[in-house]
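Printed here is run.txt (compact mmCIF, C-alpha atoms):
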# COMPACT_ATOMS: atom_id res chain seq x y z
CA MET A 1289 92.94 105.30 116.15
CA LEU A 1290 96.38 105.48 114.53
CA ASP A 1291 97.33 108.44 116.72
CA ASP A 1292 96.23 106.57 119.84
CA PHE A 1293 98.12 103.47 118.67
CA LEU A 1294 101.30 105.50 118.31
CA SER A 1295 100.75 107.27 121.63
CA TYR A 1296 99.67 104.50 123.99
CA GLN A 1297 100.69 101.09 122.64
CA ALA A 1298 104.31 100.01 122.86
CA LYS A 1299 105.94 99.43 119.50
CA THR A 1300 108.64 97.03 118.34
CA THR A 1301 110.05 99.19 115.51
CA PRO A 1302 110.25 102.95 114.90
CA HIS A 1303 107.96 102.65 111.87
CA PRO A 1304 105.19 100.02 112.25
CA LEU A 1305 103.01 99.26 109.25
CA GLY A 1306 100.07 100.92 111.00
CA LEU A 1307 97.28 99.18 109.09
CA ALA A 1308 94.07 99.83 111.05
CA ILE A 1309 92.00 96.62 111.05
CA LYS A 1310 88.21 96.54 110.87
CA ARG A 1311 87.55 92.85 110.29
CA ALA A 1312 89.07 89.70 108.81
CA LYS A 1313 87.67 86.48 107.39
CA GLY A 1314 89.16 83.61 105.41
CA SER A 1315 92.18 84.80 103.45
CA TYR A 1316 91.24 88.48 103.65
CA ILE A 1317 91.69 91.44 106.00
CA VAL A 1318 89.64 94.64 105.72
CA ASP A 1319 90.92 97.99 107.04
CA GLN A 1320 88.97 100.81 108.67
CA ASN A 1321 88.41 102.43 105.28
CA GLY A 1322 86.83 99.28 103.87
CA LYS A 1323 89.81 98.34 101.72
CA LYS A 1324 90.22 94.58 101.30
CA TYR A 1325 93.61 92.86 101.43
CA LEU A 1326 94.53 89.32 100.41
CA ASP A 1327 96.62 87.94 103.28
CA PHE A 1328 99.74 85.98 102.29
CA ILE A 1329 101.11 86.06 105.85
CA ALA A 1330 98.33 84.60 108.05
CA GLY A 1331 99.48 86.30 111.24
CA VAL A 1332 103.06 85.12 110.58
CA SER A 1333 101.98 81.47 110.21
CA ALA A 1334 99.58 81.65 113.17
CA CYS A 1335 96.22 81.73 111.34
CA SER A 1336 96.70 78.32 109.77
CA LEU A 1337 93.04 78.11 108.66
CA GLY A 1338 92.76 81.78 107.78
CA HIS A 1339 90.80 84.31 109.77
CA ARG A 1340 87.75 83.34 111.85
CA HIS A 1341 87.47 79.82 110.49
CA PRO A 1342 83.91 78.63 111.30
CA ALA A 1343 85.05 75.47 113.09
CA VAL A 1344 87.37 77.46 115.35
CA VAL A 1345 84.77 80.14 116.09
CA ARG A 1346 82.11 77.52 116.88
CA ALA A 1347 84.42 75.64 119.22
CA MET A 1348 85.34 78.79 121.11
CA LYS A 1349 81.73 79.93 121.45
CA ARG A 1350 80.67 76.51 122.74
CA GLN A 1351 83.45 76.55 125.31
CA ILE A 1352 82.75 80.13 126.42
CA ASN A 1353 79.17 79.12 127.10
CA ARG A 1354 80.39 76.30 129.37
CA TYR A 1355 83.30 77.85 131.27
CA MET A 1356 86.41 79.94 130.69
CA HIS A 1357 89.39 80.15 133.03
CA VAL A 1358 88.81 78.15 136.22
CA MET A 1359 92.21 77.12 137.61
CA VAL A 1360 95.94 77.29 136.94
CA TYR A 1361 97.43 74.75 134.55
CA GLY A 1362 97.52 71.12 135.54
CA GLU A 1363 95.15 71.07 138.52
CA TYR A 1364 91.65 70.59 137.11
CA VAL A 1365 90.57 68.18 134.38
CA GLN A 1366 89.36 70.38 131.51
CA SER A 1367 88.21 68.44 128.47
CA PRO A 1368 89.46 70.79 125.67
CA ALA A 1369 93.04 70.61 126.95
CA VAL A 1370 92.88 66.86 127.59
CA GLU A 1371 91.43 66.15 124.14
CA LEU A 1372 93.98 68.39 122.43
CA CYS A 1373 96.90 66.65 124.14
CA LYS A 1374 95.41 63.24 123.35
CA LEU A 1375 94.96 64.09 119.67
CA LEU A 1376 98.54 65.34 119.44
CA ALA A 1377 99.75 62.09 121.01
CA LYS A 1378 97.79 60.11 118.44
CA HIS A 1379 99.71 61.80 115.61
CA LEU A 1380 103.15 61.95 117.22
CA PRO A 1381 105.76 59.22 117.83
CA SER A 1382 105.24 57.37 121.12
CA SER A 1383 108.31 59.06 122.61
CA LEU A 1384 106.45 62.39 122.37
CA GLU A 1385 103.29 61.19 124.08
CA VAL A 1386 102.88 63.88 126.75
CA THR A 1387 102.21 67.55 126.03
CA TYR A 1388 102.57 70.61 128.24
CA LEU A 1389 100.38 73.46 126.96
CA THR A 1390 101.67 77.02 127.26
CA ASN A 1391 100.65 80.53 126.23
CA SER A 1392 103.16 80.89 123.40
CA GLY A 1393 105.96 79.25 121.50
CA THR A 1394 108.49 81.29 123.42
CA GLU A 1395 107.17 79.99 126.75
CA ALA A 1396 107.32 76.47 125.33
CA ILE A 1397 111.00 77.00 124.47
CA GLU A 1398 111.62 78.05 128.06
CA GLY A 1399 109.89 74.93 129.33
CA ALA A 1400 111.83 72.73 126.92
CA MET A 1401 115.15 74.20 128.08
CA LYS A 1402 114.24 73.61 131.72
CA LEU A 1403 113.19 70.05 130.94
CA ALA A 1404 116.47 69.32 129.14
CA LYS A 1405 118.43 70.59 132.13
CA ARG A 1406 116.36 68.50 134.52
CA VAL A 1407 116.52 65.28 132.49
CA THR A 1408 120.25 65.43 131.71
CA GLY A 1409 121.53 67.13 134.85
CA LYS A 1410 123.58 69.41 132.58
CA SER A 1411 123.31 73.10 131.72
CA GLY A 1412 124.97 73.72 128.35
CA PHE A 1413 123.04 74.44 125.16
CA ILE A 1414 123.86 74.48 121.48
CA ALA A 1415 121.85 76.64 119.08
CA ALA A 1416 122.28 77.69 115.47
CA LYS A 1417 123.54 80.92 113.99
CA ASN A 1418 120.68 82.98 112.53
CA ALA A 1419 118.21 81.13 114.77
CA TYR A 1420 115.14 82.67 116.35
CA HIS A 1421 113.29 80.94 119.18
CA GLY A 1422 111.62 83.86 120.94
CA SER A 1423 112.45 86.94 122.98
CA THR A 1424 112.29 85.91 126.65
CA GLN A 1425 115.60 85.61 128.48
CA GLY A 1426 116.22 81.91 127.86
CA ALA A 1427 114.96 81.98 124.28
CA LEU A 1428 116.93 85.16 123.61
CA SER A 1429 120.05 83.37 124.83
CA LEU A 1430 119.53 80.92 121.95
CA LEU A 1431 119.02 83.67 119.36
CA GLY A 1432 121.70 83.34 116.70
CA VAL A 1433 122.31 87.00 115.80
CA GLU A 1434 124.53 88.72 118.35
CA LYS A 1435 123.58 92.27 117.36
CA GLN A 1436 119.94 91.58 118.24
CA LYS A 1437 120.91 90.82 121.84
CA GLU A 1438 122.80 94.04 122.47
CA GLY A 1439 121.60 95.89 125.55
CA TYR A 1440 119.86 92.88 127.12
CA GLY A 1441 122.73 91.00 128.72
CA PRO A 1442 123.92 89.21 130.60
CA LEU A 1443 121.95 86.28 129.26
CA LEU A 1444 122.32 82.57 129.98
CA PRO A 1445 125.91 81.33 130.06
CA GLU A 1446 127.04 78.08 128.46
CA VAL A 1447 125.31 78.64 125.11
CA GLU A 1448 127.37 77.97 121.98
CA PHE A 1449 126.41 78.39 118.35
CA ILE A 1450 126.91 76.22 115.30
CA SER A 1451 126.22 76.87 111.64
CA PHE A 1452 123.00 75.25 110.44
CA ASN A 1453 123.77 72.31 108.09
CA ALA A 1454 127.50 72.29 108.99
CA LEU A 1455 128.26 68.68 109.87
CA GLU A 1456 131.87 69.52 110.76
CA GLU A 1457 130.69 71.68 113.68
CA LEU A 1458 128.75 68.95 115.48
CA GLU A 1459 131.80 68.21 117.60
CA LYS A 1460 130.82 71.29 119.62
CA ILE A 1461 128.03 69.11 121.05
CA THR A 1462 129.78 67.56 124.05
CA THR A 1463 129.12 65.67 127.27
CA GLU A 1464 128.48 69.08 128.86
CA THR A 1465 125.53 69.75 126.54
CA ALA A 1466 122.02 69.45 127.97
CA GLY A 1467 120.21 70.23 124.74
CA VAL A 1468 120.67 71.11 121.11
CA VAL A 1469 117.92 73.51 120.04
CA LEU A 1470 117.28 73.82 116.30
CA GLU A 1471 114.46 75.02 114.11
CA THR A 1472 113.57 72.11 111.85
CA ILE A 1473 113.42 74.72 109.08
CA GLN A 1474 115.18 77.97 109.89
CA GLY A 1475 112.59 80.75 109.85
CA GLY A 1476 114.15 84.17 110.34
CA GLY A 1477 117.32 82.97 108.66
CA GLY A 1478 115.55 82.66 105.33
CA PHE A 1479 113.38 79.50 105.43
CA ILE A 1480 116.49 77.33 105.18
CA LEU A 1481 115.88 73.58 104.86
CA PRO A 1482 118.12 71.04 106.56
CA THR A 1483 120.31 69.12 104.14
CA ALA A 1484 119.65 65.44 103.53
CA ASP A 1485 121.04 63.78 106.68
CA TYR A 1486 121.83 66.81 108.83
CA LEU A 1487 119.18 66.33 111.50
CA LEU A 1488 119.92 62.60 111.69
CA ALA A 1489 123.58 63.41 112.26
CA VAL A 1490 122.67 65.89 115.00
CA LYS A 1491 120.46 63.29 116.71
CA LYS A 1492 123.22 60.69 116.49
CA ARG A 1493 125.72 63.09 118.06
CA CYS A 1494 123.23 63.93 120.83
CA GLU A 1495 122.80 60.25 121.64
CA GLU A 1496 126.58 59.76 121.75
CA VAL A 1497 127.10 62.48 124.37
CA GLY A 1498 123.82 62.24 126.31
CA ALA A 1499 122.26 65.48 125.09
CA LEU A 1500 118.61 65.99 124.10
CA LEU A 1501 117.57 67.14 120.63
CA ILE A 1502 114.96 69.90 120.86
CA LEU A 1503 113.27 70.75 117.56
CA ASP A 1504 111.45 74.06 117.28
CA GLU A 1505 108.44 73.61 114.97
CA ILE A 1506 106.70 76.82 116.00
CA GLN A 1507 106.64 77.96 112.36
CA PRO A 1508 106.76 74.79 110.20
CA GLY A 1509 104.54 72.64 112.41
CA ILE A 1510 100.81 71.88 112.13
CA GLY A 1511 100.70 71.04 108.45
CA ARG A 1512 102.56 73.96 106.90
CA THR A 1513 105.04 71.76 105.03
CA GLY A 1514 102.55 69.11 103.90
CA LYS A 1515 103.10 66.88 106.91
CA LEU A 1516 101.80 67.60 110.39
CA PHE A 1517 105.37 68.22 111.55
CA ALA A 1518 108.35 69.07 109.39
CA PHE A 1519 110.64 66.58 111.15
CA GLU A 1520 108.61 63.83 109.49
CA HIS A 1521 110.25 64.74 106.18
CA TYR A 1522 113.72 64.03 107.55
CA GLY A 1523 113.46 60.68 109.32
CA VAL A 1524 114.31 62.01 112.77
CA THR A 1525 112.36 62.23 116.02
CA PRO A 1526 113.35 64.90 118.57
CA ASP A 1527 113.58 64.23 122.28
CA ILE A 1528 111.51 67.36 122.87
CA LEU A 1529 109.21 68.96 120.30
CA VAL A 1530 108.20 72.62 120.56
CA ILE A 1531 105.09 73.92 118.76
CA GLY A 1532 102.96 77.05 118.73
CA LYS A 1533 101.63 79.59 116.21
CA GLY A 1534 99.48 77.54 113.79
CA LEU A 1535 98.17 75.20 116.49
CA GLY A 1536 95.84 77.90 117.83
CA GLY A 1537 94.13 78.81 114.57
CA GLY A 1538 94.80 82.47 115.36
CA MET A 1539 94.67 82.21 119.15
CA PRO A 1540 97.74 82.38 121.44
CA ILE A 1541 99.14 78.95 122.22
CA GLY A 1542 102.33 76.97 122.56
CA ALA A 1543 103.32 73.50 123.68
CA PHE A 1544 106.28 71.24 124.30
CA CYS A 1545 106.04 67.47 123.98
CA SER A 1546 108.27 64.70 125.26
CA SER A 1547 108.10 61.24 126.78
CA ALA A 1548 106.06 60.51 129.90
CA GLN A 1549 109.29 59.63 131.70
CA ASN A 1550 110.86 62.98 130.86
CA MET A 1551 107.79 65.08 131.60
CA GLU A 1552 107.31 63.41 134.97
CA GLN A 1553 110.51 65.15 136.07
CA LEU A 1554 108.63 68.46 136.25
CA THR A 1555 106.31 67.15 138.97
CA HIS A 1556 108.71 66.60 141.87
CA SER A 1557 111.95 67.56 143.59
CA PRO A 1558 110.71 70.28 143.54
CA SER A 1559 107.12 70.06 142.42
CA LEU A 1560 105.79 72.83 140.18
CA GLY A 1561 108.84 72.49 137.95
CA HIS A 1562 107.11 74.54 135.28
CA ILE A 1563 103.91 76.43 136.04
CA THR A 1564 101.62 78.76 134.14
CA THR A 1565 98.29 80.39 134.92
CA PHE A 1566 96.74 80.53 131.46
CA GLY A 1567 98.55 77.72 129.61
CA GLY A 1568 95.95 75.18 128.53
CA ASN A 1569 93.16 77.78 128.85
CA PRO A 1570 89.96 75.93 127.88
CA VAL A 1571 88.84 78.47 125.26
CA ILE A 1572 92.27 78.52 123.61
CA ALA A 1573 92.55 74.73 123.83
CA ALA A 1574 89.12 74.43 122.17
CA ALA A 1575 90.40 76.61 119.33
CA GLY A 1576 93.52 74.47 119.05
CA LEU A 1577 91.54 71.24 119.07
CA ALA A 1578 89.22 72.49 116.32
CA THR A 1579 92.19 73.68 114.27
CA LEU A 1580 94.05 70.39 114.60
CA LYS A 1581 90.96 68.30 113.82
CA THR A 1582 90.20 70.38 110.72
CA ILE A 1583 93.74 70.19 109.35
CA ILE A 1584 93.87 66.43 109.90
CA ASN A 1585 90.33 65.50 108.83
CA LYS A 1586 89.83 67.86 105.87
CA LYS A 1587 92.97 66.56 104.15
CA ILE A 1588 94.28 70.08 103.86
CA MET A 1589 97.84 68.79 104.05
CA ALA A 1590 97.33 66.67 100.92
CA GLU A 1591 97.03 69.87 98.86
CA ILE A 1592 100.10 71.64 100.25
CA ASP A 1593 102.59 70.24 97.70
CA ALA A 1594 100.38 71.31 94.80
CA LYS A 1595 99.99 74.80 96.26
CA GLU A 1596 103.75 75.10 96.72
CA ALA A 1597 104.23 74.01 93.12
CA LEU A 1598 101.76 76.66 91.98
CA PHE A 1599 103.63 79.40 93.84
CA ARG A 1600 106.90 78.26 92.28
CA GLU A 1601 105.34 78.05 88.81
CA LEU A 1602 103.87 81.55 89.01
CA LEU A 1603 106.68 83.39 90.78
CA VAL A 1604 109.19 83.37 87.98
CA HIS A 1605 110.83 86.76 87.50
CA PRO A 1606 114.38 88.07 86.88
CA LYS A 1607 114.33 89.84 90.26
CA ILE A 1608 113.63 86.55 92.09
CA LYS A 1609 116.95 84.76 92.46
CA GLN A 1610 115.56 81.69 94.22
CA ILE A 1611 112.67 80.60 96.41
CA ASN A 1612 113.61 79.07 99.75
CA GLY A 1613 111.44 76.92 101.94
CA ARG A 1614 108.93 74.13 101.69
CA GLY A 1615 105.16 73.81 101.46
CA LEU A 1616 103.45 77.08 102.34
CA MET A 1617 106.53 78.41 104.11
CA LEU A 1618 108.26 80.10 101.18
CA ALA A 1619 110.71 82.97 100.79
CA PRO A 1620 111.41 84.50 97.36
CA ILE A 1621 114.92 85.95 97.54
CA LEU A 1622 115.44 89.25 95.73
CA GLU A 1623 118.63 91.12 94.83
CA ASN A 1624 118.77 93.42 97.87
CA PRO A 1625 116.80 94.51 100.96
CA GLU A 1626 115.71 97.76 99.32
CA GLN A 1627 113.78 95.81 96.68
CA VAL A 1628 112.07 93.77 99.40
CA SER A 1629 110.94 96.88 101.22
CA LYS A 1630 109.58 98.47 98.04
CA VAL A 1631 107.73 95.29 97.05
CA VAL A 1632 106.15 94.79 100.49
CA PHE A 1633 104.81 98.35 100.64
CA SER A 1634 103.79 98.40 96.97
CA CYS A 1635 101.85 95.16 97.40
CA MET A 1636 100.09 96.53 100.47
CA GLU A 1637 98.92 99.50 98.40
CA LYS A 1638 97.69 97.05 95.77
CA GLY A 1639 95.80 94.94 98.34
CA LEU A 1640 98.25 92.13 99.12
CA ILE A 1641 99.81 91.62 102.54
CA LEU A 1642 103.41 90.41 102.55
CA PHE A 1643 106.02 90.69 105.29
CA PHE A 1644 109.72 90.61 106.03
CA LEU A 1645 112.05 87.95 107.42
CA LEU A 1646 113.99 88.66 110.59
CA TRP A 1647 117.56 88.09 109.46
CA GLU A 1648 117.47 87.37 105.72
CA LYS A 1649 116.78 90.90 104.54
CA LYS A 1650 116.65 89.90 100.86
CA GLY A 1651 113.74 87.53 101.50
CA ILE A 1652 109.98 88.08 101.29
CA ARG A 1653 107.93 86.03 103.74
CA LEU A 1654 105.09 83.99 102.22
CA SER A 1655 103.09 82.00 104.79
CA PRO A 1656 99.43 82.13 103.70
CA PRO A 1657 96.58 80.17 105.28
CA LEU A 1658 96.90 76.46 104.58
CA ASN A 1659 93.40 76.43 103.08
CA ILE A 1660 94.06 79.32 100.71
CA SER A 1661 92.49 78.63 97.31
CA LYS A 1662 94.45 78.25 94.08
CA ARG A 1663 92.54 81.23 92.69
CA GLU A 1664 93.71 83.34 95.63
CA ILE A 1665 97.29 82.18 95.07
CA GLN A 1666 97.03 83.22 91.43
CA LYS A 1667 95.55 86.59 92.38
CA GLY A 1668 98.25 87.34 94.94
CA CYS A 1669 101.12 86.22 92.73
CA LYS A 1670 99.85 88.48 89.94
CA ILE A 1671 100.01 91.46 92.32
CA LEU A 1672 103.47 90.46 93.49
CA LEU A 1673 104.75 90.18 89.92
CA GLU A 1674 103.27 93.61 89.13
CA ALA A 1675 105.19 95.07 92.05
CA LEU A 1676 108.38 93.41 90.85
CA GLU A 1677 107.88 94.85 87.37
CA GLU A 1678 107.68 98.35 88.87
CA LEU A 1679 111.08 98.10 90.56
Structure encoded using structure tokens:
Amino acid sequence: MLDDFLSYQAKTTPHPLGLAIKRAKGSYIVDQNGKKYLDFIAGVSACSLGHRHPAVVRAMKRQINRYMHVMVYGEYVQSPAVELCKLLAKHLPSSLEVTYLTNSGTEAIEGAMKLAKRVTGKSGFIAAKNAYHGSTQGALSLLGVEKQKEGYGPLLPEVEFISFNALEELEKITTETAGVVLETIQGGGGFILPTADYLLAVKKRCEEVGALLILDEIQPGIGRTGKLFAFEHYGVTPDILVIGKGLGGGMPIGAFCSSAQNMEQLTHSPSLGHITTFGGNPVIAAAGLATLKTIINKKIMAEIDAKEALFRELLVHPKIKQINGRGLMLAPILENPEQVSKVVFSCMEKGLILFFLLWEKKGIRLSPPLNISKREIQKGCKILLEALEEL
């Protein structure tokens, strides 16, 4: 299978990990040879309840037995999508009451950018250095590492970049700005938290010049930081919220949320302002609804702070200079990228799955299932420390 993988399936790097998967359940993945791996990555934050969570599997099976794809987004009333949007509205501020379901976080970013242009009548965007919002043309235009965009231009004009947490650069947000797009917690940049009043200052500046604040919660959203959305920690409400990854419980999904008044702009002059065939797919929406209900009703979020504290208590080692992030979105920072590479591959040999960060090459990505047990955390941290000792 590995040979066929290398021959027929397009790759994203010259040297993919190449782990051949046989099955996965809970916090574990099993390869074709029967070797079991504890998963500290959860599909890069996508498998928020681990692999094949019973509630998600049941919901999908029930929906498959009723109907699957029947019509493009927004035409037919399909209960899984309606119920998912309604449940999101129940747990979001009233100014984010309407949700547009998409196939991915990247597509949701595209929709959010279009909505900001339509609502404001402007076309400029501000994004952050070291940001990552996806790889489609609009999202790539917001990507905050210039080298990563080489060979794919020209991209969208009128996009400027600011340094995350730099209050003195907010003057770059002007009356020509349609939207300011920020990750609530920077992911690829190293799981960087916003400083105390940074997001509030950005929102204030947006209001002064008539721009919309778009917060990307594709990684930190859906309970990963101990609250349903990370912006709740910082006393700010975005004009447009973008979510994805963990909402699907391992299935492909994205969404952008805004006010009813804003979202109505996509319906006319012209109509079909944003369209998608498979966004809101009933089977995927059923998975998302089951995921969201489980995270809210099982009080999983109430245990996130304690699990973060356990990671920080256990991961004490001279090679770890600091641990960035919040909740179960953590990044131990080592001395150099070479150490990170050695640790990731050593841990895989020992039965622990870790991964890299996009731009912060000295960081190890830790984003396990939200319902990971404390015993599993202890087991994985022991393996990680063993790998550090071998450096």
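Each of A:Ser1315, A:Gln1436, A:Ser1392, A:Ser1429 was compared to Asp1327 of chain A using all atoms listed in the file, and A:Ser1315 turns out to be the nearest.
The set of protein, DNA and RNA residues with any counted atom at most 8 Å from (115.6, 73.6, 119.5) (all atoms listed in the file) reads Ile1397, Ala1415, His1421, Gly1467, Val1468, Val1469, Leu1470, Glu1471, Leu1501, Ile1502, Leu1503, Asp1504, Leu1529 and Val1530 of chain A.
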Write out the residues from the selection above, keeping C-alpha atoms, as a JSON list (two decimals), in the frame of the given file.
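The resulting file, again_34.json, is shown below:
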[["chain", "number", "residue", "atom", "x", "y", "z"],
["A", 1397, "ILE", "CA", 111.00, 77.00, 124.47],
["A", 1415, "ALA", "CA", 121.85, 76.64, 119.08],
["A", 1421, "HIS", "CA", 113.29, 80.94, 119.18],
["A", 1467, "GLY", "CA", 120.21, 70.23, 124.74],
["A", 1468, "VAL", "CA", 120.67, 71.11, 121.11],
["A", 1469, "VAL", "CA", 117.92, 73.51, 120.04],
["A", 1470, "LEU", "CA", 117.28, 73.82, 116.30],
["A", 1471, "GLU", "CA", 114.46, 75.02, 114.11],
["A", 1501, "LEU", "CA", 117.57, 67.14, 120.63],
["A", 1502, "ILE", "CA", 114.96, 69.90, 120.86],
["A", 1503, "LEU", "CA", 113.27, 70.75, 117.56],
["A", 1504, "ASP", "CA", 111.45, 74.06, 117.28],
["A", 1529, "LEU", "CA", 109.21, 68.96, 120.30],
["A", 1530, "VAL", "CA", 108.20, 72.62, 120.56]]
Practice item. Would you list the contacts of Pro1620 of chain A as a ChimeraX atom specification, taking every protein, DNA or RNA residue within 10 Å and counting only C-alpha atoms, but skipping same-chain residues closer than 5 positions in sequence? Key: /A:1478-1479,1599-1600,1603-1604,1607-1613,1628,1650-1654
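Atom CA of Ser1423 of chain A sits 23.7 Å away from atom CA of Ala1499 of chain A.
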Point to revise | Spatial neighbours of segment 1451-1463 of chain A, max dist 7 Å, all atoms listed in the file, sep filter under 5 positions, as a PyMOL selection string | key: chain A and resi 1414+1416-1417+1482-1483+1486+1490+1497-1498
Practice item. Show which residues sit within 8 Å of Thr1564 of chain A, as a list in words. Count all atoms listed in the file, and ignore same-chain residues fewer than 3 positions away. Key: Val1360, Tyr1361, Thr1390 and Gly1567 of chain A
